[in-house]
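So the structure is just underneath, and the comments pick up after that.
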Amino acid sequence: ITLTGTTFVPAFDSALSEIDQDTVLLEGKAFEFTYSAESSATEDSLRYVAANTLPSGATLNSETGVFSWTPVSFGEYSIKVYAEAFVGDTSYVSATDEATIIVTAAPTFTASLGDTSFVAPDTLEFTYEAESAQGQSITSFSIDSSYGGKAEIDASTGEFSFYADSIADQGVYTIAVTVTDNNGYTATDSVTITVEMAIEFGDVGASAGVTGLD
C-alpha cells in the first residue's frame with residue numbers, strides 16, 4: 001500500500017527557538033514552555049526527546065512536550081529537543097530544535113538611602129546606585145511614595161530628592177525606589193523618612209506664654 005502525500009516526519013509548530021532572541025530567565029524563577037509538533041502518525045505515537053543533557057533540575061515531559069525548569073545557577077544553557085513519531089516499528093524523527101537559555105539575576109542596589117530623618121524646611125538629597133547581572137544593563141529608576149510630588153527621582157541617574165517646607169509636612173513617610181534592567185527585571189528598596197520641623201525661638205516663647213520683659 002502506498003500512502004501518497006502522507007508525512008510521518010514530525011514538524012514543530014511550537015518550539016523554544018522560535019521565541020525572539022535568546023530566552024532570558026531569572027535565577028530562582030520557575031519557567032515552563034510547551035513544545036508542539038505535527039505528524040501524520042497517530043497523536044499518541046508522538047514523543048518529545050531531549051537531544052542533549054538537560055540542565056540540572058530541568059524536565060521534559062515526553063508525552064506532552066512540557067519543558068519545566070527553575071534555574072539555580074547563572075550561565076548560558078543549550079536546550080536541544082526533537083520530536084519522534086512511531087508508525088509500527090518505524091520511527092520518524094524531526095529536525096532538532098536548538099535554543100539558548102541565559103540565566104541571569106535581578107539588579108541589586110549598591111547605594112541605598114536607608115531609614116533616615118531630617119529637619120524641615122530643607123531638601124533631603126541622595127543618589128541611588130545599582131548594578132545589573134553580567135551582560136545586562138540598568139535602564140531606569142522609579143519611585144512609589146506616600147508623599148506625593150515632593151519626593152522625586154531622576155529616572156536615569158538615580159538622584160533622589162525629598163522636599164519639606166511646612167508644618168503640615170511633619171510625619172513618617174514610606175519611599176519605595178525600584179530599579180529596572182533591560183530585561184524588565186526589578187529590585188525594590190523601601191525606606192522610611194521622618195520629617196521634623198525646626199522650632200523657632202519665637203514659637204517657643206509663645207507656647208510657654210512668654211511675651212517679653214518689662
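Ordered as shown in the C-alpha cells, chains take letters A, B, and onward, while each chain numbers its residues from 1 and ligands are numbered from 1 in the order shown.
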
task: Would you mind writing down, as a list in words, each residue of stretch 137-198 of chain A that DSSP on the backbone assigns to helix (DSSP H, G or I)?
output: Gly148, Gly149, Lys150, Ile167, Ala168 and Asp169 of chain A

Using only all heavy atoms, please write the residues we just selected to a file, as a PDB file, in the first residue's frame.
ATOM      1  N   GLY A 148       3.644  62.008  47.670  1.00  0.00           N
ATOM      2  CA  GLY A 148       3.240  62.788  46.512  1.00  0.00           C
ATOM      3  C   GLY A 148       4.421  63.330  45.729  1.00  0.00           C
ATOM      4  O   GLY A 148       5.507  62.775  45.732  1.00  0.00           O
ATOM      5  N   GLY A 149       4.218  64.481  45.092  1.00  0.00           N
ATOM      6  CA  GLY A 149       5.200  65.011  44.166  1.00  0.00           C
ATOM      7  C   GLY A 149       6.434  65.618  44.788  1.00  0.00           C
ATOM      8  O   GLY A 149       7.370  65.966  44.075  1.00  0.00           O
ATOM      9  N   LYS A 150       6.492  65.761  46.126  1.00  0.00           N
ATOM     10  CA  LYS A 150       7.676  66.345  46.744  1.00  0.00           C
ATOM     11  C   LYS A 150       8.834  65.359  46.849  1.00  0.00           C
ATOM     12  O   LYS A 150       9.946  65.741  47.183  1.00  0.00           O
ATOM     13  CB  LYS A 150       7.328  66.910  48.121  1.00  0.00           C
ATOM     14  CG  LYS A 150       6.447  68.150  48.048  1.00  0.00           C
ATOM     15  CD  LYS A 150       6.288  68.796  49.403  1.00  0.00           C
ATOM     16  CE  LYS A 150       5.482  70.086  49.288  1.00  0.00           C
ATOM     17  NZ  LYS A 150       5.339  70.767  50.594  1.00  0.00           N
ATOM     18  N   ILE A 167       4.763  72.960  58.260  1.00  0.00           N
ATOM     19  CA  ILE A 167       4.456  72.126  59.421  1.00  0.00           C
ATOM     20  C   ILE A 167       3.565  70.943  59.046  1.00  0.00           C
ATOM     21  O   ILE A 167       3.580  69.900  59.697  1.00  0.00           O
ATOM     22  CB  ILE A 167       3.812  72.976  60.537  1.00  0.00           C
ATOM     23  CG1 ILE A 167       3.829  72.205  61.858  1.00  0.00           C
ATOM     24  CG2 ILE A 167       2.389  73.394  60.150  1.00  0.00           C
ATOM     25  CD1 ILE A 167       3.462  73.062  63.052  1.00  0.00           C
ATOM     26  N   ALA A 168       2.822  71.109  57.968  1.00  0.00           N
ATOM     27  CA  ALA A 168       1.955  70.018  57.512  1.00  0.00           C
ATOM     28  C   ALA A 168       2.750  68.839  56.973  1.00  0.00           C
ATOM     29  O   ALA A 168       2.215  67.739  56.809  1.00  0.00           O
ATOM     30  CB  ALA A 168       0.995  70.533  56.437  1.00  0.00           C
ATOM     31  N   ASP A 169       4.046  69.077  56.711  1.00  0.00           N
ATOM     32  CA  ASP A 169       4.877  68.001  56.157  1.00  0.00           C
ATOM     33  C   ASP A 169       5.462  67.092  57.221  1.00  0.00           C
ATOM     34  O   ASP A 169       6.125  66.101  56.904  1.00  0.00           O
ATOM     35  CB  ASP A 169       6.029  68.603  55.345  1.00  0.00           C
ATOM     36  CG  ASP A 169       5.538  69.322  54.098  1.00  0.00           C
ATOM     37  OD1 ASP A 169       4.476  68.934  53.586  1.00  0.00           O
ATOM     38  OD2 ASP A 169       6.209  70.274  53.646  1.00  0.00           O
TER      39      ASP A 169
END

Exercise: A:Ile102 partners within 6 Å, only C-alpha atoms, chain neighbours under 2 positions left out, as JSON, numbers by chain: {"A": [24, 75, 76]}

Restrict the calculation to only C-alpha atoms, then for each residue of stretch 55-92 of chain A with any atom at most 8 Å from an atom of stretch 38-50 of chain A give the closest atom pair and their distance in Å to one decimal, rows by chain and rising residue number, as a Markdown table.
| residue | atom | partner | partner_atom | distance |
| --- | --- | --- | --- | --- |
| A:Leu60 | CA | A:Ala50 | CA | 7.2 |
| A:Asn61 | CA | A:Tyr48 | CA | 7.2 |
| A:Ser62 | CA | A:Tyr48 | CA | 4.5 |
| A:Glu63 | CA | A:Arg47 | CA | 5.4 |
| A:Thr64 | CA | A:Tyr48 | CA | 7.7 |
| A:Gly65 | CA | A:Tyr48 | CA | 5.6 |
| A:Ile79 | CA | A:Ala50 | CA | 7.7 |
| A:Lys80 | CA | A:Ala50 | CA | 5.8 |
| A:Val81 | CA | A:Ala50 | CA | 4.5 |
| A:Tyr82 | CA | A:Val49 | CA | 5.4 |
| A:Ala83 | CA | A:Tyr48 | CA | 4.6 |
| A:Glu84 | CA | A:Arg47 | CA | 5.1 |
| A:Ala85 | CA | A:Leu46 | CA | 4.5 |
| A:Phe86 | CA | A:Ser45 | CA | 5.3 |
| A:Val87 | CA | A:Ala41 | CA | 6.3 |

Hey, can you spit out that residue selection with all heavy atoms as a tab-separated table (two decimals), in the first residue's frame?
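Final file, selection14.tsv:
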chain	number	residue	atom	x	y	z
A	60	LEU	N	11.58	17.39	30.82
A	60	LEU	CA	10.83	17.43	29.57
A	60	LEU	C	9.85	16.26	29.58
A	60	LEU	O	10.28	15.10	29.62
A	60	LEU	CB	11.76	17.32	28.36
A	60	LEU	CG	11.07	17.26	27.00
A	60	LEU	CD1	10.36	18.57	26.68
A	60	LEU	CD2	12.08	16.93	25.89
A	61	ASN	N	8.55	16.56	29.56
A	61	ASN	CA	7.54	15.51	29.53
A	61	ASN	C	7.47	14.95	28.13
A	61	ASN	O	7.11	15.67	27.18
A	61	ASN	CB	6.18	16.08	29.97
A	61	ASN	CG	5.13	15.01	30.13
A	61	ASN	OD1	4.87	14.24	29.20
A	61	ASN	ND2	4.51	14.97	31.29
A	62	SER	N	7.81	13.70	27.96
A	62	SER	CA	7.91	13.11	26.63
A	62	SER	C	6.56	13.03	25.91
A	62	SER	O	6.51	13.02	24.68
A	62	SER	CB	8.52	11.71	26.71
A	62	SER	OG	7.69	10.85	27.48
A	63	GLU	N	5.47	13.00	26.66
A	63	GLU	CA	4.16	12.88	26.05
A	63	GLU	C	3.52	14.24	25.75
A	63	GLU	O	2.90	14.41	24.70
A	63	GLU	CB	3.23	12.06	26.95
A	63	GLU	CG	3.68	10.61	27.13
A	63	GLU	CD	2.72	9.81	27.98
A	63	GLU	OE1	1.72	10.40	28.47
A	63	GLU	OE2	2.96	8.61	28.18
A	64	THR	N	3.67	15.18	26.67
A	64	THR	CA	3.01	16.48	26.49
A	64	THR	C	3.92	17.54	25.87
A	64	THR	O	3.44	18.56	25.38
A	64	THR	CB	2.49	17.02	27.83
A	64	THR	OG1	3.62	17.26	28.69
A	64	THR	CG2	1.55	16.01	28.48
A	65	GLY	N	5.21	17.31	25.92
A	65	GLY	CA	6.15	18.30	25.39
A	65	GLY	C	6.42	19.45	26.33
A	65	GLY	O	7.04	20.44	25.94
A	79	ILE	N	19.58	24.03	24.91
A	79	ILE	CA	18.47	23.08	25.02
A	79	ILE	C	18.19	22.53	23.63
A	79	ILE	O	17.88	23.28	22.70
A	79	ILE	CB	17.19	23.73	25.58
A	79	ILE	CG1	17.49	24.50	26.88
A	79	ILE	CG2	16.10	22.69	25.78
A	79	ILE	CD1	17.95	23.64	28.02
A	80	LYS	N	18.32	21.22	23.48
A	80	LYS	CA	18.09	20.59	22.17
A	80	LYS	C	17.00	19.53	22.32
A	80	LYS	O	17.12	18.62	23.15
A	80	LYS	CB	19.37	19.94	21.65
A	80	LYS	CG	20.51	20.94	21.43
A	80	LYS	CD	21.77	20.24	20.90
A	80	LYS	CE	22.90	21.23	20.70
A	80	LYS	NZ	24.12	20.56	20.18
A	81	VAL	N	15.95	19.67	21.53
A	81	VAL	CA	14.80	18.76	21.63
A	81	VAL	C	14.36	18.36	20.23
A	81	VAL	O	14.35	19.20	19.31
A	81	VAL	CB	13.62	19.44	22.37
A	81	VAL	CG1	12.36	18.57	22.33
A	81	VAL	CG2	14.00	19.75	23.82
A	82	TYR	N	14.00	17.10	20.06
A	82	TYR	CA	13.42	16.67	18.80
A	82	TYR	C	12.13	15.89	19.08
A	82	TYR	O	11.90	15.39	20.19
A	82	TYR	CB	14.39	15.83	17.97
A	82	TYR	CG	14.80	14.50	18.57
A	82	TYR	CD1	14.03	13.35	18.41
A	82	TYR	CD2	15.99	14.39	19.30
A	82	TYR	CE1	14.41	12.13	18.94
A	82	TYR	CE2	16.38	13.18	19.84
A	82	TYR	CZ	15.59	12.05	19.66
A	82	TYR	OH	15.98	10.85	20.19
A	83	ALA	N	11.27	15.85	18.07
A	83	ALA	CA	10.03	15.09	18.17
A	83	ALA	C	10.19	13.79	17.39
A	83	ALA	O	10.85	13.76	16.34
A	83	ALA	CB	8.86	15.89	17.62
A	84	GLU	N	9.59	12.74	17.91
A	84	GLU	CA	9.71	11.44	17.28
A	84	GLU	C	8.32	10.79	17.16
A	84	GLU	O	7.55	10.79	18.13
A	84	GLU	CB	10.63	10.54	18.10
A	84	GLU	CG	10.91	9.18	17.49
A	84	GLU	CD	11.94	8.39	18.28
A	84	GLU	OE1	12.16	8.74	19.46
A	84	GLU	OE2	12.50	7.44	17.73
A	85	ALA	N	8.00	10.31	15.98
A	85	ALA	CA	6.72	9.64	15.74
A	85	ALA	C	6.98	8.18	15.36
A	85	ALA	O	7.93	7.88	14.63
A	85	ALA	CB	5.94	10.35	14.64
A	86	PHE	N	6.12	7.31	15.85
A	86	PHE	CA	6.27	5.88	15.55
A	86	PHE	C	5.11	5.41	14.69
A	86	PHE	O	3.94	5.68	14.97
A	86	PHE	CB	6.31	5.08	16.85
A	86	PHE	CG	7.56	5.29	17.67
A	86	PHE	CD1	7.61	6.31	18.60
A	86	PHE	CD2	8.67	4.49	17.48
A	86	PHE	CE1	8.74	6.52	19.35
A	86	PHE	CE2	9.82	4.69	18.23
A	86	PHE	CZ	9.86	5.71	19.16
A	87	VAL	N	5.45	4.69	13.65
A	87	VAL	CA	4.46	4.01	12.81
A	87	VAL	C	4.89	2.55	12.76
A	87	VAL	O	5.87	2.20	12.10
A	87	VAL	CB	4.38	4.61	11.39
A	87	VAL	CG1	3.36	3.85	10.57
A	87	VAL	CG2	4.04	6.09	11.46

- prompt: Quick one, how far is atom CA of A:Thr23 from atom CA of A:Ser140?
  reply: 21.8 Å

task: Find the residues around stretch 192-194 of chain A up to 6 Å (only C-alpha atoms counted), leave out those fewer than 2 positions away in its own chain, and share them as number ranges by chain.
output: A: 115-117, 171-174

field: Which of stretch 32-135 of chain A fall in strand (DSSP E), as an MDAnalysis selection string
entry: chainID A and resid 32:34 36:38 46:50 59:60 66:69 75:87 90:93 97:104 108:111 116:120 122:127 129:131

Residues just named, written with C-alpha atoms as an mmCIF file, in the first residue's frame:
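Final output, selection19.cif:
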data_model
loop_
_atom_site.group_PDB
_atom_site.id
_atom_site.type_symbol
_atom_site.label_atom_id
_atom_site.label_comp_id
_atom_site.auth_asym_id
_atom_site.auth_seq_id
_atom_site.Cartn_x
_atom_site.Cartn_y
_atom_site.Cartn_z
ATOM 1 C CA GLU A 32 7.628 26.472 31.573
ATOM 2 C CA PHE A 33 7.316 26.026 27.835
ATOM 3 C CA THR A 34 5.311 23.520 25.760
ATOM 4 C CA SER A 36 4.264 21.008 19.962
ATOM 5 C CA ALA A 37 4.725 19.103 16.726
ATOM 6 C CA GLU A 38 2.528 17.664 13.988
ATOM 7 C CA LEU A 46 4.374 11.265 19.168
ATOM 8 C CA ARG A 47 7.155 11.716 21.711
ATOM 9 C CA TYR A 48 9.420 14.614 22.660
ATOM 10 C CA VAL A 49 13.031 13.778 23.392
ATOM 11 C CA ALA A 50 15.968 15.797 24.735
ATOM 12 C CA THR A 59 12.430 18.183 32.918
ATOM 13 C CA LEU A 60 10.828 17.425 29.572
ATOM 14 C CA VAL A 66 6.156 20.444 28.531
ATOM 15 C CA PHE A 67 9.628 21.692 29.453
ATOM 16 C CA SER A 68 9.920 22.899 33.061
ATOM 17 C CA TRP A 69 12.841 24.400 34.900
ATOM 18 C CA GLY A 75 25.062 30.945 32.867
ATOM 19 C CA GLU A 76 24.157 30.065 29.311
ATOM 20 C CA TYR A 77 22.486 26.752 28.562
ATOM 21 C CA SER A 78 21.789 24.903 25.318
ATOM 22 C CA ILE A 79 18.470 23.077 25.021
ATOM 23 C CA LYS A 80 18.089 20.589 22.175
ATOM 24 C CA VAL A 81 14.796 18.764 21.631
ATOM 25 C CA TYR A 82 13.416 16.667 18.799
ATOM 26 C CA ALA A 83 10.027 15.088 18.174
ATOM 27 C CA GLU A 84 9.706 11.435 17.280
ATOM 28 C CA ALA A 85 6.718 9.641 15.742
ATOM 29 C CA PHE A 86 6.271 5.883 15.554
ATOM 30 C CA VAL A 87 4.455 4.010 12.813
ATOM 31 C CA THR A 90 9.490 2.534 12.373
ATOM 32 C CA SER A 91 10.334 5.850 13.972
ATOM 33 C CA TYR A 92 10.352 9.191 12.202
ATOM 34 C CA VAL A 93 12.430 11.960 13.740
ATOM 35 C CA ASP A 97 15.204 22.360 17.771
ATOM 36 C CA GLU A 98 18.159 24.148 19.336
ATOM 37 C CA ALA A 99 17.602 27.034 21.757
ATOM 38 C CA THR A 100 19.775 29.015 24.127
ATOM 39 C CA ILE A 101 18.642 29.934 27.619
ATOM 40 C CA ILE A 102 20.506 32.628 29.519
ATOM 41 C CA VAL A 103 20.068 32.600 33.284
ATOM 42 C CA THR A 104 20.611 35.956 34.925
ATOM 43 C CA THR A 108 20.888 44.898 43.043
ATOM 44 C CA PHE A 109 21.298 48.212 44.848
ATOM 45 C CA THR A 110 24.882 49.206 45.640
ATOM 46 C CA ALA A 111 23.941 52.507 47.306
ATOM 47 C CA THR A 116 16.558 58.417 57.988
ATOM 48 C CA SER A 117 15.172 61.709 59.272
ATOM 49 C CA PHE A 118 15.712 65.401 58.636
ATOM 50 C CA VAL A 119 14.542 68.761 59.906
ATOM 51 C CA ALA A 120 12.415 70.926 57.649
ATOM 52 C CA ASP A 122 15.039 71.512 53.905
ATOM 53 C CA THR A 123 15.633 69.161 50.996
ATOM 54 C CA LEU A 124 16.977 65.665 51.568
ATOM 55 C CA GLU A 125 19.155 64.517 48.668
ATOM 56 C CA PHE A 126 20.716 61.159 47.878
ATOM 57 C CA THR A 127 21.898 59.277 44.795
ATOM 58 C CA GLU A 129 23.157 53.321 42.660
ATOM 59 C CA ALA A 130 22.544 49.822 41.294
ATOM 60 C CA GLU A 131 24.262 47.193 39.223
#

- prompt: What does the distance from atom CA of A:Ala105 to atom CA of A:Thr178 come to in Å, to one decimal?
  reply: 15.2 Å

message: One decimal, in Å: what's the spacing between atom CA of A:Pro10 and atom CA of A:Ser94?
response: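 Between these atoms lies a distance of 5.0 Å.
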
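Minimum atom-to-atom distances from A:Asp22, A:Glu27, A:Glu152, A:Asp165 to A:Val195 were compared using only C-alpha atoms, and the lowest value belongs to A:Asp165.
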